[in-house]
>>> print(open('target_9.csv').read())   # CSV, C-alpha atoms
chain,number,residue,atom,x,y,z
A,253,MET,CA,81.4,99.0,85.3
A,254,SER,CA,78.2,100.9,85.8
A,255,THR,CA,78.9,104.6,86.3
A,256,THR,CA,76.9,107.9,86.4
A,257,LEU,CA,78.1,110.5,84.0
A,258,THR,CA,79.1,113.2,86.5
A,259,PRO,CA,80.8,116.4,85.3
A,260,ARG,CA,84.1,115.1,86.8
A,261,LEU,CA,83.9,111.9,84.9
A,262,ALA,CA,82.9,113.7,81.8
A,263,ARG,CA,85.9,116.0,82.0
A,264,HIS,CA,88.2,112.9,82.5
A,265,ILE,CA,86.8,111.4,79.3
A,266,ILE,CA,87.1,114.5,77.3
A,267,GLN,CA,90.6,115.2,78.4
A,268,ARG,CA,91.8,111.7,77.5
A,269,VAL,CA,90.2,111.5,74.1
A,270,GLY,CA,90.9,115.2,73.3
A,271,GLU,CA,94.6,115.2,74.1
A,272,ALA,CA,95.8,111.9,72.7
A,273,GLY,CA,92.8,110.1,71.3
A,274,GLN,CA,93.3,107.5,74.0
A,275,PRO,CA,90.6,105.6,75.9
A,276,PRO,CA,89.8,107.0,79.3
A,277,ASP,CA,90.6,105.0,82.4
A,278,PHE,CA,86.9,105.2,83.6
A,279,GLY,CA,83.6,105.7,81.9
A,280,LEU,CA,84.5,104.1,78.6
A,281,SER,CA,80.9,102.9,78.1
A,282,TRP,CA,79.7,106.5,77.6
A,283,ILE,CA,81.6,106.7,74.3
A,284,ASN,CA,81.9,103.1,73.2
A,285,VAL,CA,80.4,102.3,69.8
A,286,GLY,CA,80.4,99.5,67.2
A,287,ASN,CA,82.1,96.6,69.1
A,288,GLN,CA,79.4,95.6,71.5
A,289,HIS,CA,78.7,92.3,69.6
A,290,TYR,CA,82.3,91.2,70.3
A,291,LEU,CA,82.0,92.2,74.0
A,292,ASP,CA,78.7,90.3,74.4
A,293,ILE,CA,80.3,87.1,73.0
A,294,LEU,CA,83.3,87.4,75.3
A,295,ALA,CA,81.1,88.0,78.3
A,296,LYS,CA,78.6,85.2,77.5
A,297,GLU,CA,80.8,82.5,76.0
A,298,TYR,CA,83.9,83.0,78.2
A,299,LEU,CA,83.7,85.2,81.3
A,300,ASP,CA,80.2,84.0,82.4
A,301,ARG,CA,81.2,80.4,81.9
A,302,LEU,CA,84.2,80.9,84.0
A,303,LEU,CA,82.0,82.3,86.7
A,304,ASP,CA,79.9,79.2,86.5
A,305,GLY,CA,82.9,77.1,87.6
A,306,ASN,CA,84.4,76.2,84.2
A,307,ARG,CA,88.1,76.3,85.0
A,308,GLY,CA,89.1,76.3,81.3
A,309,SER,CA,90.8,79.1,79.5
A,310,ALA,CA,90.8,80.7,76.1
A,311,PHE,CA,93.1,82.7,73.7
A,312,LYS,CA,91.9,85.4,71.3
A,313,LEU,CA,93.9,87.4,68.8
A,314,VAL,CA,92.6,91.0,68.4
A,315,GLN,CA,93.4,92.6,65.0
A,316,ALA,CA,93.2,96.2,64.0
A,317,TYR,CA,95.4,98.9,62.4
A,318,TYR,CA,97.2,101.4,64.7
A,319,GLY,CA,94.5,103.9,65.8
A,320,GLY,CA,91.8,101.3,64.9
A,321,GLY,CA,90.6,100.7,68.4
A,322,LYS,CA,92.8,97.8,69.8
A,323,THR,CA,93.6,99.6,73.1
A,324,HIS,CA,90.1,100.9,73.3
A,325,PHE,CA,88.7,97.4,72.9
A,326,LEU,CA,91.0,96.0,75.5
A,327,HIS,CA,89.9,98.6,78.0
A,328,CYS,CA,86.3,97.6,77.2
A,329,VAL,CA,87.1,94.0,78.0
A,330,ARG,CA,88.7,95.0,81.2
A,331,ASP,CA,85.6,96.9,82.2
A,332,ILE,CA,83.3,93.9,81.6
A,333,ALA,CA,85.8,91.6,83.4
A,334,TRP,CA,85.9,93.9,86.4
A,335,GLN,CA,82.1,93.9,86.6
A,336,ARG,CA,82.4,90.2,87.2
A,337,GLY,CA,85.2,90.4,89.7
A,338,PHE,CA,88.0,89.2,87.5
A,339,LEU,CA,91.6,90.3,88.0
A,340,CYS,CA,93.1,92.0,84.9
A,341,SER,CA,96.5,92.8,83.6
A,342,LEU,CA,96.8,95.1,80.5
A,343,VAL,CA,100.4,95.1,79.2
A,344,GLN,CA,101.8,97.3,76.5
A,345,LEU,CA,104.4,95.4,74.4
A,346,SER,CA,107.2,97.1,72.5
A,347,PRO,CA,110.5,95.8,71.1
A,348,GLN,CA,112.7,97.6,73.6
A,349,GLU,CA,110.6,97.9,76.8
A,350,CYS,CA,108.7,94.7,76.8
A,351,PRO,CA,109.0,92.3,73.9
A,352,TYR,CA,106.7,89.3,74.1
A,353,GLU,CA,109.6,87.1,73.1
A,354,ASP,CA,111.3,87.9,76.5
A,355,PRO,CA,109.5,85.8,79.1
A,356,LEU,CA,111.0,87.5,82.1
A,357,LYS,CA,110.0,91.0,80.9
A,358,VAL,CA,106.5,89.7,80.2
A,359,TYR,CA,106.1,88.2,83.6
A,360,ARG,CA,107.4,91.4,85.3
A,361,ALA,CA,104.9,93.5,83.3
A,362,VAL,CA,102.0,91.2,84.1
A,363,VAL,CA,102.5,91.2,87.8
A,364,GLY,CA,103.2,94.9,87.8
A,365,GLN,CA,100.0,95.7,85.9
A,366,LEU,CA,97.8,93.2,87.7
A,367,THR,CA,94.7,95.0,89.0
A,368,SER,CA,91.6,94.1,91.0
A,369,PRO,CA,88.2,95.7,90.3
A,370,PRO,CA,88.0,99.2,91.6
A,371,PRO,CA,86.1,99.5,94.9
A,372,ALA,CA,83.7,102.0,93.2
A,373,PRO,CA,83.3,103.7,89.8
A,374,GLY,CA,86.0,106.3,89.3
A,375,GLU,CA,88.2,105.0,92.2
A,376,THR,CA,91.7,103.7,91.7
A,377,ALA,CA,92.1,100.0,91.4
A,378,THR,CA,94.6,98.1,93.5
A,379,ARG,CA,97.6,97.5,91.2
A,380,GLY,CA,100.6,95.1,91.5
A,381,ILE,CA,101.0,91.6,92.9
A,382,GLY,CA,102.2,92.9,96.3
A,383,ASP,CA,99.3,95.2,97.0
A,384,LEU,CA,96.8,92.7,95.6
A,385,LEU,CA,98.0,90.0,98.0
A,386,ARG,CA,98.0,92.6,100.9
A,387,ASP,CA,94.3,93.2,100.2
A,388,PHE,CA,93.7,89.5,100.2
A,389,ALA,CA,95.5,89.1,103.5
A,390,ASP,CA,93.6,92.0,105.0
A,391,GLY,CA,90.3,90.5,103.8
A,392,LEU,CA,91.1,87.2,105.5
A,393,ALA,CA,92.1,89.0,108.7
A,394,GLN,CA,88.8,90.8,108.8
A,395,ARG,CA,86.8,87.6,108.4
A,396,GLN,CA,88.9,85.1,110.4
A,397,ASN,CA,91.0,85.0,113.6
A,398,MET,CA,94.6,83.9,113.5
A,399,GLU,CA,93.9,80.3,114.1
A,400,GLU,CA,91.4,80.2,111.3
A,401,ARG,CA,93.8,81.9,109.0
A,402,GLN,CA,96.5,79.3,109.8
A,403,ASN,CA,94.1,76.5,109.1
A,404,TRP,CA,93.2,78.1,105.8
A,405,LEU,CA,96.8,78.5,104.9
A,406,LYS,CA,97.4,74.8,105.7
A,407,ARG,CA,94.3,73.4,104.0
A,408,VAL,CA,94.1,75.7,101.0
A,409,GLY,CA,97.0,78.1,100.5
A,410,ARG,CA,99.7,75.5,100.7
A,411,LYS,CA,97.8,72.9,98.7
A,412,VAL,CA,97.0,74.9,95.5
A,413,GLN,CA,98.1,72.9,92.5
A,414,VAL,CA,100.9,75.0,90.8
A,415,ASP,CA,103.7,74.4,88.4
A,416,SER,CA,106.2,76.0,90.8
A,417,VAL,CA,106.4,74.9,94.4
A,418,SER,CA,108.7,77.8,95.2
A,419,TYR,CA,106.0,80.2,93.9
A,420,ARG,CA,103.4,78.7,96.2
A,421,ARG,CA,105.8,78.9,99.2
A,422,ALA,CA,106.6,82.5,98.4
A,423,VAL,CA,102.9,83.5,98.3
A,424,GLY,CA,102.1,81.7,101.5
A,425,ALA,CA,105.1,83.2,103.3
A,426,PHE,CA,104.2,86.6,102.0
A,427,LEU,CA,100.6,86.3,103.5
A,428,GLN,CA,102.1,85.1,106.8
A,429,CYS,CA,104.5,88.1,106.9
A,430,CYS,CA,101.5,90.4,106.4
A,431,TRP,CA,99.7,88.9,109.3
A,432,ASP,CA,102.8,88.9,111.5
A,433,GLY,CA,103.8,92.5,110.7
A,434,ASP,CA,107.1,91.2,109.4
A,435,HIS,CA,107.8,94.2,107.0
A,436,GLN,CA,111.3,93.0,106.1
A,437,GLY,CA,110.2,89.6,105.0
A,438,GLU,CA,107.2,91.1,103.3
A,439,ALA,CA,109.4,93.4,101.2
A,440,LEU,CA,111.9,90.5,100.4
A,441,LEU,CA,109.1,88.2,99.2
A,442,GLU,CA,107.4,90.9,97.2
A,443,SER,CA,110.6,91.6,95.4
A,444,TRP,CA,110.9,87.9,94.6
A,445,LEU,CA,107.3,87.7,93.3
A,446,ARG,CA,108.0,90.7,91.1
A,447,ALA,CA,111.2,89.0,89.8
A,448,ASP,CA,113.4,91.7,91.1
A,449,PRO,CA,117.0,90.8,92.1
A,450,VAL,CA,117.1,89.3,95.7
A,451,PRO,CA,119.9,87.7,97.7
A,452,ARG,CA,119.4,83.9,97.4
A,453,GLN,CA,120.7,83.3,101.0
A,454,GLU,CA,117.9,85.3,102.5
A,455,LEU,CA,115.3,83.2,100.7
A,456,LYS,CA,116.3,79.9,102.3
A,457,ALA,CA,114.5,80.7,105.5
A,458,TYR,CA,111.2,80.5,103.5
A,459,GLY,CA,112.1,77.2,101.7
A,460,ILE,CA,112.8,79.0,98.4
A,461,TYR,CA,116.0,78.0,96.6
A,462,GLU,CA,115.5,79.6,93.1
A,463,VAL,CA,114.8,83.0,91.6
A,464,ILE,CA,112.4,83.9,88.8
A,465,ASP,CA,114.4,84.3,85.6
A,466,GLY,CA,114.1,83.8,81.8
A,467,ASN,CA,114.1,80.0,82.2
A,468,ASN,CA,111.1,79.7,84.5
A,469,ALA,CA,109.3,83.0,83.9
A,470,PHE,CA,106.4,81.4,82.0
A,471,ALA,CA,106.1,78.6,84.6
A,472,SER,CA,105.9,81.4,87.2
A,473,LEU,CA,103.2,83.1,85.2
A,474,ARG,CA,101.2,79.9,85.1
A,475,SER,CA,101.7,79.5,88.8
A,476,LEU,CA,100.5,83.1,89.4
A,477,CYS,CA,97.2,82.2,87.6
A,478,GLN,CA,96.9,78.9,89.3
A,479,THR,CA,97.5,80.4,92.8
A,480,LEU,CA,95.0,83.3,92.4
A,481,THR,CA,92.2,81.1,91.0
A,482,GLY,CA,93.0,78.6,93.7
A,483,PHE,CA,92.5,81.4,96.3
A,484,GLY,CA,89.0,81.9,95.0
A,485,TYR,CA,89.3,84.7,92.5
A,486,PRO,CA,86.9,84.0,89.6
A,487,GLY,CA,89.6,84.3,87.0
A,488,LEU,CA,92.2,86.5,85.3
A,489,VAL,CA,92.1,88.4,82.0
A,490,LEU,CA,95.6,88.9,80.6
A,491,MET,CA,95.8,91.4,77.7
A,492,PHE,CA,98.8,92.2,75.6
A,493,ASP,CA,98.8,95.2,73.3
A,494,GLU,CA,101.4,95.5,70.6
A,495,VAL,CA,101.8,99.3,70.7
A,496,ASP,CA,105.1,99.6,68.9
A,497,ARG,CA,106.0,96.4,67.1
A,498,ASN,CA,108.9,96.4,64.7
A,499,LEU,CA,107.6,93.9,62.1
A,500,SER,CA,111.0,93.4,60.5
A,501,LEU,CA,112.1,90.9,63.1
A,502,ASN,CA,114.9,88.6,62.5
A,503,SER,CA,114.3,84.9,62.3
A,504,ARG,CA,115.6,84.2,65.8
A,505,ARG,CA,113.1,86.7,67.4
A,506,ILE,CA,110.3,85.5,65.2
A,507,ALA,CA,111.0,81.9,66.4
A,508,ALA,CA,111.1,83.0,70.1
A,509,LEU,CA,107.9,85.1,69.7
A,510,GLY,CA,106.1,82.3,67.8
A,511,ASP,CA,107.2,79.6,70.3
A,512,ASN,CA,106.0,81.7,73.3
A,513,LEU,CA,102.6,82.4,71.7
A,514,ARG,CA,102.2,78.7,70.6
A,515,GLN,CA,102.9,77.6,74.2
A,516,VAL,CA,100.2,79.9,75.6
A,517,ILE,CA,97.7,78.8,72.9
A,518,ASP,CA,98.4,75.1,73.7
A,519,LEU,CA,98.2,75.8,77.5
A,520,CYS,CA,94.8,77.4,77.0
A,521,GLY,CA,93.6,74.5,74.9
A,522,SER,CA,94.7,72.0,77.7
A,523,ALA,CA,93.3,74.2,80.5
A,524,GLN,CA,96.6,74.5,82.3
A,525,LEU,CA,95.9,78.2,82.8
A,526,PRO,CA,92.8,77.9,84.9
A,527,GLY,CA,90.2,80.6,84.6
A,528,VAL,CA,92.2,82.7,82.2
A,529,LEU,CA,91.1,84.7,79.2
A,530,PHE,CA,94.2,85.7,77.2
A,531,LEU,CA,94.0,88.4,74.5
A,532,TYR,CA,96.8,89.5,72.2
A,533,ALA,CA,96.3,92.6,70.1
A,534,VAL,CA,98.2,93.2,66.9
A,535,PRO,CA,98.1,95.1,63.6
A,536,PRO,CA,96.9,93.1,60.5
A,537,GLU,CA,100.5,92.9,59.3
A,538,PHE,CA,101.3,90.6,62.2
A,539,LEU,CA,99.2,87.8,60.6
A,540,ARG,CA,100.6,88.5,57.1
A,541,LEU,CA,104.3,89.0,57.8
A,542,VAL,CA,105.2,87.4,61.2
A,543,VAL,CA,102.9,84.4,61.7
A,544,PRO,CA,103.6,82.7,58.4
A,545,GLU,CA,107.3,82.5,59.4
A,546,TYR,CA,106.3,80.1,62.2
A,547,PRO,CA,104.1,77.3,60.8
A,548,ALA,CA,103.1,75.9,64.1
A,549,LEU,CA,101.7,79.2,65.2
A,550,ASP,CA,100.1,79.9,61.8
A,551,GLN,CA,98.1,76.6,62.0
A,552,ARG,CA,96.8,77.5,65.4
A,553,LEU,CA,95.7,81.1,64.6
A,554,ARG,CA,94.2,80.6,61.2
A,555,SER,CA,90.4,80.6,61.3
A,556,PRO,CA,87.9,80.3,58.4
A,557,LEU,CA,85.8,83.0,60.1
A,558,PRO,CA,86.5,85.7,62.6
A,559,LEU,CA,84.7,85.8,66.0
A,560,SER,CA,81.0,86.3,65.6
A,561,ARG,CA,77.7,85.2,66.9
A,562,ILE,CA,77.8,82.2,64.5
A,563,SER,CA,81.4,81.4,65.2
A,564,PRO,CA,81.9,82.3,68.9
A,565,GLN,CA,84.9,79.8,69.2
A,566,SER,CA,87.0,81.5,66.5
A,567,THR,CA,90.4,82.7,67.6
A,568,LEU,CA,90.4,86.0,65.6
A,569,ILE,CA,88.6,89.2,66.7
A,570,ASP,CA,88.8,91.5,63.7
A,571,LEU,CA,88.1,95.1,64.7
A,572,GLU,CA,88.1,96.1,61.0
A,573,LYS,CA,84.7,94.4,60.9
A,574,LEU,CA,82.3,96.3,63.1
A,575,GLU,CA,78.6,96.7,63.2
A,576,LEU,CA,78.6,100.1,61.6
A,577,LYS,CA,80.1,101.4,58.4
A,578,PRO,CA,83.0,103.9,58.8
A,579,GLU,CA,81.1,107.1,58.5
A,580,GLU,CA,78.2,105.8,60.5
A,581,LEU,CA,80.6,104.7,63.2
A,582,LEU,CA,82.2,108.2,63.4
A,583,VAL,CA,78.8,109.9,63.7
A,584,ALA,CA,77.8,107.5,66.5
A,585,ILE,CA,81.0,108.2,68.3
A,586,GLY,CA,80.6,112.0,67.8
A,587,THR,CA,77.0,112.0,69.1
A,588,LYS,CA,78.1,110.3,72.3
A,589,LEU,CA,81.1,112.6,72.7
A,590,LEU,CA,78.8,115.6,72.3
A,591,LYS,CA,76.7,114.5,75.2
A,592,VAL,CA,79.8,113.9,77.3
A,593,PHE,CA,81.3,117.3,76.3
A,594,GLU,CA,78.0,119.1,77.3
A,595,GLN,CA,78.2,117.4,80.7
A,596,ALA,CA,81.9,118.2,81.2
A,597,GLN,CA,81.6,121.9,80.3
A,598,GLY,CA,78.1,122.6,81.6
A,599,TRP,CA,77.1,123.7,78.0
A,600,THR,CA,74.0,123.0,76.0
A,601,ALA,CA,74.7,122.8,72.3
A,602,THR,CA,72.2,123.6,69.5
A,603,GLU,CA,71.5,120.0,68.5
A,604,ALA,CA,70.7,120.6,64.8
A,605,ILE,CA,73.8,122.8,64.2
A,606,GLN,CA,76.2,120.4,65.9
A,607,GLN,CA,74.7,117.4,64.1
A,608,GLY,CA,75.3,119.1,60.8
A,609,ASN,CA,78.9,119.9,61.8
A,610,LEU,CA,79.3,116.3,63.0
A,611,GLN,CA,78.1,114.8,59.7
A,612,ALA,CA,80.5,117.0,57.7
A,613,LEU,CA,83.5,116.1,59.8
A,614,ALA,CA,82.7,112.4,59.9
A,615,LYS,CA,82.3,112.4,56.1
A,616,ALA,CA,85.6,114.2,55.6
A,617,CYS,CA,87.5,111.9,58.0
A,618,ALA,CA,86.1,108.7,56.5
A,619,GLN,CA,86.6,109.7,52.9
A,620,TYR,CA,90.0,111.4,52.9
A,621,SER,CA,91.9,109.1,55.3
A,622,PHE,CA,93.5,105.9,54.0
A,623,GLU,CA,93.8,104.2,57.3
A,624,VAL,CA,91.4,103.3,60.1
A,625,GLY,CA,93.6,105.6,62.3
A,626,HIS,CA,91.2,108.3,61.2
A,627,ARG,CA,89.1,107.3,64.2
A,628,ARG,CA,91.7,108.8,66.5
A,629,THR,CA,92.1,111.9,64.2
A,630,PHE,CA,88.3,112.3,64.3
A,631,VAL,CA,87.8,112.2,68.0
A,632,LYS,CA,90.6,114.7,68.6
A,633,SER,CA,89.3,117.0,65.9
A,634,TRP,CA,85.7,116.8,67.1
A,635,VAL,CA,86.6,117.6,70.7
A,636,GLY,CA,88.8,120.5,69.5
A,637,PHE,CA,85.9,121.7,67.3
A,638,LEU,CA,83.4,121.6,70.2
A,639,HIS,CA,85.8,123.7,72.4
A,640,GLN,CA,85.8,126.3,69.6
A,641,GLN,CA,82.0,126.2,69.3
A,642,GLN,CA,81.6,126.7,73.1
A,643,ASP,CA,84.1,129.6,73.2
A,644,ARG,CA,82.4,131.2,70.3
A,645,LYS,CA,79.0,131.0,72.0
A,646,SER,CA,80.4,132.3,75.3
A,647,VAL,CA,81.9,135.3,73.5
A,648,VAL,CA,78.6,136.1,71.8
>>> encode(input="target_9.csv", output="structure tokens")
Amino acid sequence: MSTTLTPRLARHIIQRVGEAGQPPDFGLSWINVGNQHYLDILAKEYLDRLLDGNRGSAFKLVQAYYGGGKTHFLHCVRDIAWQRGFLCSLVQLSPQECPYEDPLKVYRAVVGQLTSPPPAPGETATRGIGDLLRDFADGLAQRQNMEERQNWLKRVGRKVQVDSVSYRRAVGAFLQCCWDGDHQGEALLESWLRADPVPRQELKAYGIYEVIDGNNAFASLRSLCQTLTGFGYPGLVLMFDEVDRNLSLNSRRIAALGDNLRQVIDLCGSAQLPGVLFLYAVPPEFLRLVVPEYPALDQRLRSPLPLSRISPQSTLIDLEKLELKPEELLVAIGTKLLKVFEQAQGWTATEAIQQGNLQALAKACAQYSFEVGHRRTFVKSWVGFLHQQQDRKSVV
């Protein structure tokens, strides 16, 4: 999303990368380096084609070591998707909080993190299925009178092709409650859509006779995508980030994980998730240790070449293979961070001196670290060093 580098935005960027080495919520383009070729392929070959009316879908596996840029990359994808009006959901997976092999927890996380594009750069995006549908209801109310809305609900809202009829009924009833000012019904149906516990007897008035549970969670996820694209949204980008994966999974959990991923890949291949780009980010050990235990998944994920301009249909996006060598990458990141830091602090550095410092730090981090996680170490060290340089100059 196009932004102006204001001091406020610059301070937000510096705070995020300096404290934890994490990507900022806004303004990521000001410090992004090295992965633009992947972003260009995803934009041209997938997102833009969905905008042209192609209702297909795609699955991509994003690979990098911890600290190697997976989360950063997913934030970049979210930004280019938001620019095109896509809804996005970025879910952090972990064995305890949200394991991908648990469909119900995955569904809850997706609808909880579902966001629409921010109304303006730096402003908070609408988050969660309930508020997103409220915005949709408000938008219709501003453009149409009650009779027109009822006709839309009858002609479009209640005829969207979905896997779960109950899901379609719940969404339609939720919109009606928003227009009628029925706050009690609105709260009940929002809880149902979030897969929270709700009294079944209270749902019967809306023609709903089931709840979302582990048995129908993925069908509900498909229905979510089908409903929102049917309502006119250009598409959804669903991103899953393995932030704390225990790779020593037992055979039962590997089978469950593998089967769930296989189902998603097959659904993308058969276009049953209309207008969806699905990204799953893992460390390289995932392909070496987990995937081979599930042959059906292994066959679908193995590619002779990673994603590139000559193989744009490949499943694998390998963040270990960027456009710049490790030391060059760190220097490029540091150069961008220096400009952001100057804007954040209202400080003008001596360019030649700081470039010398940057070259030395980049060389040390690239040579003396055995993991790609040195990128996170580098950005935190460089921001800390710039603070020291600024303080020293202000004292003098």
>>> residues_around(input="target_9.csv", residues="A:Asp465", least_positions_apart="5", cutoff="9 Å", atoms="only C-alpha atoms", output="PyMOL selection string")
chain A and resi 355-356+447
>>> residues_around(input="target_9.csv", residues="A:Ala310", least_positions_apart="6", cutoff="10 Å", atoms="all atoms listed in the file", output="list in words")
Tyr298, Leu299, Val489, Val516, Ile517, Asp518, Leu519, Cys520, Gly521, Ser522, Ala523, Leu525, Pro526, Gly527, Val528, Leu529, Phe530, Leu531, Gln565 and Thr567 of chain A
>>> closest_residue(input="target_9.csv", among="A:Glu454, A:Glu545, A:Glu353, A:Asp300", to="A:Gln335", atoms="only C-alpha atoms")
A:Asp300
>>> closest_atom_pairs(input="target_9.csv", of="stretch 438-519 of chain A", to="stretch 548-551 of chain A", cutoff="12 Å", atoms="all atoms listed in the file", output="Markdown table")
| residue | atom | partner | partner_atom | distance |
| --- | --- | --- | --- | --- |
| A:Ile506 | CA | A:Leu549 | CA | 10.7 |
| A:Ala507 | CA | A:Leu549 | CA | 9.8 |
| A:Ala508 | CA | A:Leu549 | CA | 11.3 |
| A:Leu509 | CA | A:Leu549 | CA | 9.7 |
| A:Gly510 | CA | A:Leu549 | CA | 6.0 |
| A:Asp511 | CA | A:Leu549 | CA | 7.5 |
| A:Asn512 | CA | A:Leu549 | CA | 9.5 |
| A:Leu513 | CA | A:Leu549 | CA | 7.3 |
| A:Arg514 | CA | A:Leu549 | CA | 5.4 |
| A:Gln515 | CA | A:Leu549 | CA | 9.2 |
| A:Val516 | CA | A:Leu549 | CA | 10.5 |
| A:Ile517 | CA | A:Leu549 | CA | 8.7 |
| A:Asp518 | CA | A:Leu549 | CA | 10.0 |
>>> atom_distance(input="target_9.csv", atom1="atom CA of A:Asp277", atom2="atom CA of A:Asp304")
28.2 Å
>>> atom_distance(input="target_9.csv", atom1="atom CA of A:Pro276", atom2="atom CA of A:Ala377")
14.2 Å
>>> residues_around(input="target_9.csv", residues="A:Ala604", least_positions_apart="6", cutoff="12 Å", atoms="only C-alpha atoms", output="list in words")
Thr587, Leu610 and Gln611 of chain A
>>> residues_around(input="target_9.csv", residues="stretch 556-558 of chain A", least_positions_apart="2", cutoff="8 Å", atoms="all atoms listed in the file", output="ChimeraX atom specification")
/A:554,560,563,566-570
>>> closest_residue(input="target_9.csv", among="A:Arg446, A:Leu488, A:Cys617, A:Lys411", to="A:Leu303", atoms="only C-alpha atoms")
A:Leu488
>>> closest_residue(input="target_9.csv", among="A:Gly279, A:Gly286, A:Gly409, A:Pro259", to="A:Lys577", atoms="all atoms listed in the file")
A:Gly286
>>> residues_around(input="target_9.csv", residues="stretch 396-406 of chain A", least_positions_apart="4", cutoff="10 Å", atoms="all atoms listed in the file", output="PyMOL selection string")
chain A and resi 389-392+410-411+424-425+427-428+431-432
>>> closest_residue(input="target_9.csv", among="A:Met491, A:Gln595, A:His435, A:Ile562", to="A:Tyr532", atoms="all atoms listed in the file")
A:Met491
>>> closest_residue(input="target_9.csv", among="A:Ser443, A:Gln597, A:Thr367, A:Gln642", to="A:Arg260", atoms="all atoms listed in the file")
A:Gln597
>>> atom_distance(input="target_9.csv", atom1="atom CA of A:Trp634", atom2="atom CA of A:Gly319")
15.7 Å
>>> closest_residue(input="target_9.csv", among="A:Tyr290, A:Phe630, A:Trp599, A:Tyr546", to="A:Glu579", atoms="all atoms listed in the file")
A:Phe630
>>> residues_near_point(input="target_9.csv", point="(94.4, 96.0, 85.5)", cutoff="6 Å", atoms="all atoms listed in the file", output="ChimeraX atom specification")
/A:340-342,365-367
>>> residues_near_point(input="target_9.csv", point="(82.0, 107.6, 64.1)", cutoff="9 Å", atoms="only C-alpha atoms", output="ChimeraX atom specification")
/A:285-286,576-587,614,618,627,630-631
